[in-house]
file run-v8.pdb (PDB, C-alpha atoms, pLDDT in the B column)
ATOM      1  CA  MET O   8      18.677 -36.167   5.251  1.00 52.00           C
ATOM      2  CA  LEU O   9      14.941 -35.614   5.706  1.00 48.00           C
ATOM      3  CA  PHE O  10      15.712 -32.406   7.631  1.00 46.00           C
ATOM      4  CA  PHE O  11      17.664 -30.963   4.690  1.00 44.00           C
ATOM      5  CA  SER O  12      14.959 -31.943   2.214  1.00 46.00           C
ATOM      6  CA  THR O  13      12.323 -30.223   4.329  1.00 45.00           C
ATOM      7  CA  LEU O  14      14.535 -27.167   4.788  1.00 42.00           C
ATOM      8  CA  THR O  15      15.243 -26.977   1.058  1.00 43.00           C
ATOM      9  CA  TYR O  16      11.520 -27.262   0.301  1.00 43.00           C
ATOM     10  CA  LYS O  17      10.663 -24.437   2.725  1.00 43.00           C
ATOM     11  CA  ILE O  18      13.404 -22.177   1.348  1.00 42.00           C
ATOM     12  CA  ASN O  19      12.172 -22.778  -2.203  1.00 41.00           C
ATOM     13  CA  ALA O  20       8.582 -22.044  -1.148  1.00 39.00           C
ATOM     14  CA  ILE O  21       9.673 -18.748   0.418  1.00 40.00           C
ATOM     15  CA  LEU O  22      11.671 -17.804  -2.681  1.00 38.00           C
ATOM     16  CA  ASP O  23       8.682 -18.648  -4.904  1.00 40.00           C
ATOM     17  CA  LEU O  24       6.403 -16.454  -2.772  1.00 39.00           C
ATOM     18  CA  LYS O  25       8.926 -13.609  -2.915  1.00 42.00           C
ATOM     19  CA  GLU O  26       9.240 -13.887  -6.712  1.00 42.00           C
ATOM     20  CA  THR O  27       5.439 -13.969  -7.064  1.00 40.00           C
ATOM     21  CA  ALA O  28       5.201 -10.838  -4.911  1.00 40.00           C
ATOM     22  CA  ASN O  29       7.846  -9.091  -7.018  1.00 44.00           C
ATOM     23  CA  ILE O  30       5.885  -9.894 -10.180  1.00 42.00           C
ATOM     24  CA  ASN O  31       2.542  -8.864  -8.638  1.00 49.00           C
ATOM     25  CA  LEU O  32       4.001  -5.650  -7.284  1.00 57.00           C
ATOM     26  CA  ARG O  33       5.025  -4.393 -10.730  1.00 62.00           C
ATOM     27  CA  LYS O  34       1.454  -4.138 -12.032  1.00 70.00           C
ATOM     28  CA  LEU O  35      -1.268  -2.186 -10.283  1.00 74.00           C
ATOM     29  CA  GLN O  36      -4.076  -4.379 -11.596  1.00 72.00           C
ATOM     30  CA  SER O  37      -2.782  -7.299  -9.491  1.00 73.00           C
ATOM     31  CA  VAL O  38      -3.587  -5.398  -6.271  1.00 85.00           C
ATOM     32  CA  GLU O  39      -6.960  -6.602  -4.911  1.00 89.00           C
ATOM     33  CA  LEU O  40      -8.605  -4.240  -2.416  1.00 93.00           C
ATOM     34  CA  VAL O  41     -12.024  -3.514  -0.964  1.00 94.00           C
ATOM     35  CA  ASP O  42     -13.466  -0.115  -0.056  1.00 94.00           C
ATOM     36  CA  LEU O  43     -14.735   0.700   3.406  1.00 93.00           C
ATOM     37  CA  ASP O  44     -18.202  -0.306   2.177  1.00 92.00           C
ATOM     38  CA  SER O  45     -16.780  -3.782   1.335  1.00 90.00           C
ATOM     39  CA  THR O  46     -17.010  -3.380  -2.457  1.00 94.00           C
ATOM     40  CA  PHE O  47     -14.047  -4.113  -4.710  1.00 94.00           C
ATOM     41  CA  TYR O  48     -11.807  -1.134  -5.356  1.00 94.00           C
ATOM     42  CA  ASN O  49     -11.273  -0.311  -9.037  1.00 91.00           C
ATOM     43  CA  PHE O  50      -8.139   1.349 -10.350  1.00 90.00           C
ATOM     44  CA  ASP O  51      -8.132   3.713 -13.335  1.00 88.00           C
ATOM     45  CA  LEU O  52      -4.904   2.568 -14.980  1.00 84.00           C
ATOM     46  CA  SER O  53      -4.489   5.899 -16.784  1.00 85.00           C
ATOM     47  CA  SER O  54      -4.010   7.742 -13.467  1.00 88.00           C
ATOM     48  CA  ASP O  55      -1.112   8.193 -11.066  1.00 93.00           C
ATOM     49  CA  TYR O  56      -1.543   6.337  -7.785  1.00 95.00           C
ATOM     50  CA  VAL O  57       0.278   6.532  -4.492  1.00 97.00           C
ATOM     51  CA  LEU O  58      -0.407   3.398  -2.457  1.00 96.00           C
ATOM     52  CA  ILE O  59       0.402   3.657   1.234  1.00 97.00           C
ATOM     53  CA  LEU O  60       0.493   0.537   3.357  1.00 96.00           C
ATOM     54  CA  PHE O  61      -0.364   1.419   6.931  1.00 98.00           C
ATOM     55  CA  ASP O  62      -1.531   0.062  10.247  1.00 97.00           C
ATOM     56  CA  PRO O  63      -4.093   2.102  12.204  1.00 97.00           C
ATOM     57  CA  ASN O  64      -2.129   1.407  15.413  1.00 96.00           C
ATOM     58  CA  CYS O  65       1.218   2.628  14.022  1.00 96.00           C
ATOM     59  CA  GLU O  66       2.591   5.963  15.244  1.00 96.00           C
ATOM     60  CA  HIS O  67       4.780   6.374  12.137  1.00 96.00           C
ATOM     61  CA  CYS O  68       1.685   5.825   9.977  1.00 97.00           C
ATOM     62  CA  TYR O  69      -0.032   8.719  11.733  1.00 97.00           C
ATOM     63  CA  ASP O  70       3.062  10.854  11.129  1.00 97.00           C
ATOM     64  CA  GLN O  71       2.918   9.873   7.441  1.00 98.00           C
ATOM     65  CA  ALA O  72      -0.777  10.733   7.251  1.00 97.00           C
ATOM     66  CA  TYR O  73      -0.434  14.098   8.991  1.00 97.00           C
ATOM     67  CA  SER O  74       2.511  15.145   6.805  1.00 97.00           C
ATOM     68  CA  ILE O  75       0.566  14.229   3.670  1.00 97.00           C
ATOM     69  CA  SER O  76      -2.504  16.025   5.009  1.00 96.00           C
ATOM     70  CA  ASP O  77      -0.396  19.179   5.440  1.00 95.00           C
ATOM     71  CA  THR O  78       0.722  18.996   1.793  1.00 95.00           C
ATOM     72  CA  ILE O  79      -2.398  17.464   0.227  1.00 95.00           C
ATOM     73  CA  LYS O  80      -2.685  20.176  -2.442  1.00 94.00           C
ATOM     74  CA  GLY O  81       0.593  18.975  -3.963  1.00 95.00           C
ATOM     75  CA  PHE O  82      -1.065  15.643  -4.718  1.00 96.00           C
ATOM     76  CA  TYR O  83      -3.836  17.178  -6.822  1.00 95.00           C
ATOM     77  CA  GLY O  84      -4.526  15.044  -9.905  1.00 93.00           C
ATOM     78  CA  ARG O  85      -3.257  11.875  -8.210  1.00 94.00           C
ATOM     79  CA  LYS O  86      -5.014   9.321  -6.082  1.00 95.00           C
ATOM     80  CA  LEU O  87      -3.696   8.297  -2.671  1.00 97.00           C
ATOM     81  CA  VAL O  88      -4.890   4.829  -1.692  1.00 97.00           C
ATOM     82  CA  TRP O  89      -4.322   3.888   1.933  1.00 98.00           C
ATOM     83  CA  ILE O  90      -4.166   0.114   2.426  1.00 97.00           C
ATOM     84  CA  SER O  91      -4.417  -1.877   5.642  1.00 97.00           C
ATOM     85  CA  SER O  92      -5.137  -5.489   6.542  1.00 96.00           C
ATOM     86  CA  ARG O  93      -6.845  -4.435   9.802  1.00 96.00           C
ATOM     87  CA  ASN O  94     -10.611  -4.485  10.216  1.00 95.00           C
ATOM     88  CA  ILE O  95     -12.697  -1.853   8.473  1.00 95.00           C
ATOM     89  CA  SER O  96     -13.740  -0.061  11.673  1.00 96.00           C
ATOM     90  CA  GLU O  97     -10.077   0.536  12.599  1.00 97.00           C
ATOM     91  CA  ILE O  98      -9.305   1.787   9.078  1.00 97.00           C
ATOM     92  CA  LYS O  99     -12.321   4.122   9.187  1.00 96.00           C
ATOM     93  CA  SER O 100     -11.247   5.471  12.579  1.00 97.00           C
ATOM     94  CA  PHE O 101      -7.756   6.192  11.189  1.00 97.00           C
ATOM     95  CA  SER O 102      -9.196   7.962   8.128  1.00 96.00           C
ATOM     96  CA  ASP O 103     -11.446  10.106  10.326  1.00 96.00           C
ATOM     97  CA  SER O 104      -8.794  11.020  12.885  1.00 95.00           C
ATOM     98  CA  THR O 105      -6.256  12.037  10.224  1.00 95.00           C
ATOM     99  CA  ARG O 106      -8.858  14.119   8.333  1.00 91.00           C
ATOM    100  CA  LEU O 107      -7.794  12.409   5.098  1.00 94.00           C
ATOM    101  CA  GLY O 108     -11.026  10.443   4.833  1.00 90.00           C
ATOM    102  CA  SER O 109     -12.825  13.622   3.782  1.00 92.00           C
ATOM    103  CA  SER O 110     -10.357  14.361   0.966  1.00 93.00           C
ATOM    104  CA  ASN O 111     -11.480  13.356  -2.523  1.00 93.00           C
ATOM    105  CA  LEU O 112      -7.815  12.545  -3.269  1.00 95.00           C
ATOM    106  CA  CYS O 113      -7.683   9.773  -0.638  1.00 97.00           C
ATOM    107  CA  ASP O 114      -9.318   6.374  -0.547  1.00 96.00           C
ATOM    108  CA  PHE O 115      -9.043   4.012   2.394  1.00 98.00           C
ATOM    109  CA  THR O 116      -9.091   0.310   1.618  1.00 97.00           C
ATOM    110  CA  LYS O 117      -8.665  -3.110   3.140  1.00 97.00           C
ATOM    111  CA  ILE O 118      -6.538  -5.972   1.843  1.00 95.00           C
ATOM    112  CA  ASP O 119      -6.732  -9.573   2.978  1.00 92.00           C
ATOM    113  CA  GLN O 120      -3.683 -10.497   5.089  1.00 88.00           C
ATOM    114  CA  ASN O 121      -2.687 -13.357   2.736  1.00 86.00           C
ATOM    115  CA  LYS O 122      -3.070 -11.145  -0.331  1.00 88.00           C
ATOM    116  CA  LEU O 123      -0.972  -8.468   1.355  1.00 88.00           C
ATOM    117  CA  PHE O 124       2.054 -10.735   1.495  1.00 83.00           C
ATOM    118  CA  GLY O 125       1.289 -12.374  -1.855  1.00 84.00           C
ATOM    119  CA  THR O 126       1.179  -8.976  -3.538  1.00 84.00           C
ATOM    120  CA  PHE O 127       3.750  -6.913  -1.653  1.00 84.00           C
ATOM    121  CA  GLY O 128       5.979  -9.563  -0.059  1.00 82.00           C
ATOM    122  CA  SER O 129       7.493  -8.630   3.277  1.00 82.00           C
ATOM    123  CA  VAL O 130       6.487  -5.100   4.144  1.00 88.00           C
ATOM    124  CA  VAL O 131       7.565  -2.250   6.346  1.00 90.00           C
ATOM    125  CA  ILE O 132       4.804  -0.075   7.748  1.00 95.00           C
ATOM    126  CA  PRO O 133       4.334   2.565   6.464  1.00 97.00           C
ATOM    127  CA  GLN O 134       5.426   1.771   2.940  1.00 96.00           C
ATOM    128  CA  VAL O 135       4.730   3.816  -0.190  1.00 97.00           C
ATOM    129  CA  PHE O 136       4.346   2.531  -3.760  1.00 95.00           C
ATOM    130  CA  ILE O 137       3.992   4.894  -6.702  1.00 95.00           C
ATOM    131  CA  TYR O 138       2.319   3.809  -9.939  1.00 93.00           C
ATOM    132  CA  ARG O 139       1.900   5.550 -13.279  1.00 92.00           C
ATOM    133  CA  ASN O 140      -0.311   3.994 -15.956  1.00 90.00           C
ATOM    134  CA  GLY O 141      -0.532   0.853 -13.835  1.00 88.00           C
ATOM    135  CA  ASN O 142       3.234   0.327 -13.616  1.00 90.00           C
ATOM    136  CA  LEU O 143       5.378   0.611 -10.505  1.00 92.00           C
ATOM    137  CA  LEU O 144       7.613   3.708 -10.618  1.00 92.00           C
ATOM    138  CA  ALA O 145       9.082   3.764  -7.119  1.00 94.00           C
ATOM    139  CA  GLN O 146       8.688   2.449  -3.610  1.00 94.00           C
ATOM    140  CA  PHE O 147       9.798   3.737  -0.235  1.00 96.00           C
ATOM    141  CA  LYS O 148      10.008   1.812   3.022  1.00 95.00           C
ATOM    142  CA  GLY O 149       9.206   3.565   6.276  1.00 96.00           C
ATOM    143  CA  TYR O 150       8.080   7.141   6.805  1.00 97.00           C
ATOM    144  CA  THR O 151       8.665   9.126   3.603  1.00 97.00           C
ATOM    145  CA  GLN O 152       8.540  12.901   3.376  1.00 97.00           C
ATOM    146  CA  PRO O 153       5.798  14.088   1.007  1.00 97.00           C
ATOM    147  CA  LYS O 154       8.305  16.146  -1.003  1.00 96.00           C
ATOM    148  CA  ILE O 155      10.167  12.915  -1.856  1.00 96.00           C
ATOM    149  CA  ILE O 156       6.944  11.239  -2.943  1.00 97.00           C
ATOM    150  CA  LEU O 157       5.993  14.261  -5.044  1.00 96.00           C
ATOM    151  CA  LYS O 158       9.466  14.447  -6.605  1.00 95.00           C
ATOM    152  CA  SER O 159       9.129  10.844  -7.811  1.00 92.00           C
ATOM    153  CA  LEU O 160       5.821  11.750  -9.484  1.00 91.00           C
ATOM    154  CA  GLU O 161       7.360  14.474 -11.651  1.00 87.00           C
TER
END
call {"tool": "encode", "arguments": {"input": "run-v8.pdb", "output": "structure tokens"}}
result
Amino acid sequence: MLFFSTLTYKINAILDLKETANINLRKLQSVELVDLDSTFYNFDLSSDYVLILFDPNCEHCYDQAYSISDTIKGFYGRKLVWISSRNISEIKSFSDSTRLGSSNLCDFTKIDQNKLFGTFGSVVIPQVFIYRNGNLLAQFKGYTQPKIILKSLE
């Protein structure tokens, strides 16, 4: 009987975390990030944002970055925020090697591992979230062609 009580408790805890993540995900202001200089990242809620969860050691993330780099002009007027839970030196290396770190349309940020799951729930890397006026419009799991991202911003 104790086994089932413990199992039920753990299942409920997981469901609560998932529901919290679903609620947090809907509003951009619940996403807590730091810049590469370790200051808090501020969102302008009147702008369109494309958040891209990535891992600097992920081949598909590099593919995502290079395809966006090739079509960066299509993202003019929007902000692309790259988010990783890895250390800042790895994030900086990724931003430099993809040439996106020099674009004024891209910001590279770090999120605490616990906040990553509390905000986004279980994630697939790369994963794209699109926000308009602080509200979630769309999300895509895995590599996503830039034309699909841009289409959802129309």
call {"tool": "closest_residue", "arguments": {"input": "run-v8.pdb", "among": "O:Leu143, O:Phe101, O:Ser109, O:Leu60", "to": "Ser129 (chain O)", "atoms": "only C-alpha atoms"}}
result
O:Leu60
call {"tool": "atom_distance", "arguments": {"input": "run-v8.pdb", "atom1": "CA of Ser159 (chain O)", "atom2": "CA of Lys80 (chain O)"}}
result
16.0 Å
call {"tool": "residues_near_point", "arguments": {"input": "run-v8.pdb", "point": "(-10.6, 2.4, 10.9)", "cutoff": "12 Å", "atoms": "only C-alpha atoms", "output": "JSON, numbers by chain"}}
result
{"O": [42, 43, 44, 61, 62, 63, 64, 89, 90, 91, 92, 93, 94, 95, 96, 97, 98, 99, 100, 101, 102, 103, 104, 105, 107, 108, 115, 116, 117]}
call {"tool": "residues_around", "arguments": {"input": "run-v8.pdb", "residues": "Leu157 (chain O)", "least_positions_apart": "3", "cutoff": "8 Å", "atoms": "all atoms listed in the file", "output": "number ranges by chain"}}
result
O: 81-82, 153-154, 160-161
call {"tool": "residues_around", "arguments": {"input": "run-v8.pdb", "residues": "Phe147 (chain O)", "least_positions_apart": "2", "cutoff": "10 Å", "atoms": "all atoms listed in the file", "output": "list in words"}}
result
Ile59, Val131, Pro133, Gln134, Val135, Phe136, Ile137, Ala145, Gly149, Tyr150, Thr151, Gln152, Ile155 and Ile156 of chain O
call {"tool": "closest_residue", "arguments": {"input": "run-v8.pdb", "among": "O:Arg139, O:Leu87, O:Leu112, O:Gly125", "to": "Val57 (chain O)", "atoms": "only C-alpha atoms"}}
result
O:Leu87
call {"tool": "atom_distance", "arguments": {"input": "run-v8.pdb", "atom1": "CA of Phe47 (chain O)", "atom2": "CA of Asp77 (chain O)"}}
result
28.8 Å
call {"tool": "atom_distance", "arguments": {"input": "run-v8.pdb", "atom1": "CA of Phe124 (chain O)", "atom2": "CA of Asn140 (chain O)"}}
result
23.0 Å
call {"tool": "closest_residue", "arguments": {"input": "run-v8.pdb", "among": "O:Ala72, O:Leu35, O:Cys113, O:Cys65", "to": "Lys86 (chain O)", "atoms": "only C-alpha atoms"}}
result
O:Cys113
call {"tool": "build_atoms", "arguments": {"input": "run-v8.pdb", "residues": "region 103-118 of chain O", "atoms": "N, CA and C atoms", "output": "short mmCIF file (atom, residue, chain, number, x, y, z; two decimals), in the coordinates of the input"}}
result
data_model
loop_
_atom_site.label_atom_id
_atom_site.label_comp_id
_atom_site.auth_asym_id
_atom_site.auth_seq_id
_atom_site.Cartn_x
_atom_site.Cartn_y
_atom_site.Cartn_z
N ASP O 103 -10.75 8.98 9.68
CA ASP O 103 -11.45 10.11 10.33
C ASP O 103 -10.49 10.94 11.19
N SER O 104 -9.67 10.29 11.96
CA SER O 104 -8.79 11.02 12.88
C SER O 104 -7.67 11.77 12.17
N THR O 105 -7.31 11.33 10.97
CA THR O 105 -6.26 12.04 10.22
C THR O 105 -6.83 13.09 9.28
N ARG O 106 -8.15 13.18 9.21
CA ARG O 106 -8.86 14.12 8.33
C ARG O 106 -8.65 13.83 6.84
N LEU O 107 -8.01 12.74 6.51
CA LEU O 107 -7.79 12.41 5.10
C LEU O 107 -9.01 11.71 4.49
N GLY O 108 -9.84 11.13 5.32
CA GLY O 108 -11.03 10.44 4.83
C GLY O 108 -11.98 11.37 4.12
N SER O 109 -11.94 12.65 4.43
CA SER O 109 -12.82 13.62 3.78
C SER O 109 -12.22 14.20 2.50
N SER O 110 -10.99 13.85 2.19
CA SER O 110 -10.36 14.36 0.97
C SER O 110 -10.76 13.49 -0.23
N ASN O 111 -11.14 14.14 -1.34
CA ASN O 111 -11.48 13.36 -2.52
C ASN O 111 -10.24 12.78 -3.21
N LEU O 112 -9.05 13.11 -2.73
CA LEU O 112 -7.82 12.54 -3.27
C LEU O 112 -7.43 11.24 -2.58
N CYS O 113 -8.06 10.94 -1.44
CA CYS O 113 -7.68 9.77 -0.64
C CYS O 113 -8.80 8.74 -0.59
N ASP O 114 -8.42 7.49 -0.75
CA ASP O 114 -9.32 6.37 -0.55
C ASP O 114 -8.70 5.46 0.49
N PHE O 115 -9.51 4.95 1.38
CA PHE O 115 -9.04 4.01 2.39
C PHE O 115 -9.60 2.64 2.07
N THR O 116 -8.72 1.64 2.07
CA THR O 116 -9.09 0.31 1.62
C THR O 116 -8.54 -0.76 2.54
N LYS O 117 -9.10 -1.94 2.38
CA LYS O 117 -8.66 -3.11 3.14
C LYS O 117 -8.13 -4.16 2.17
N ILE O 118 -7.08 -4.85 2.60
CA ILE O 118 -6.54 -5.97 1.84
C ILE O 118 -6.50 -7.19 2.76
#
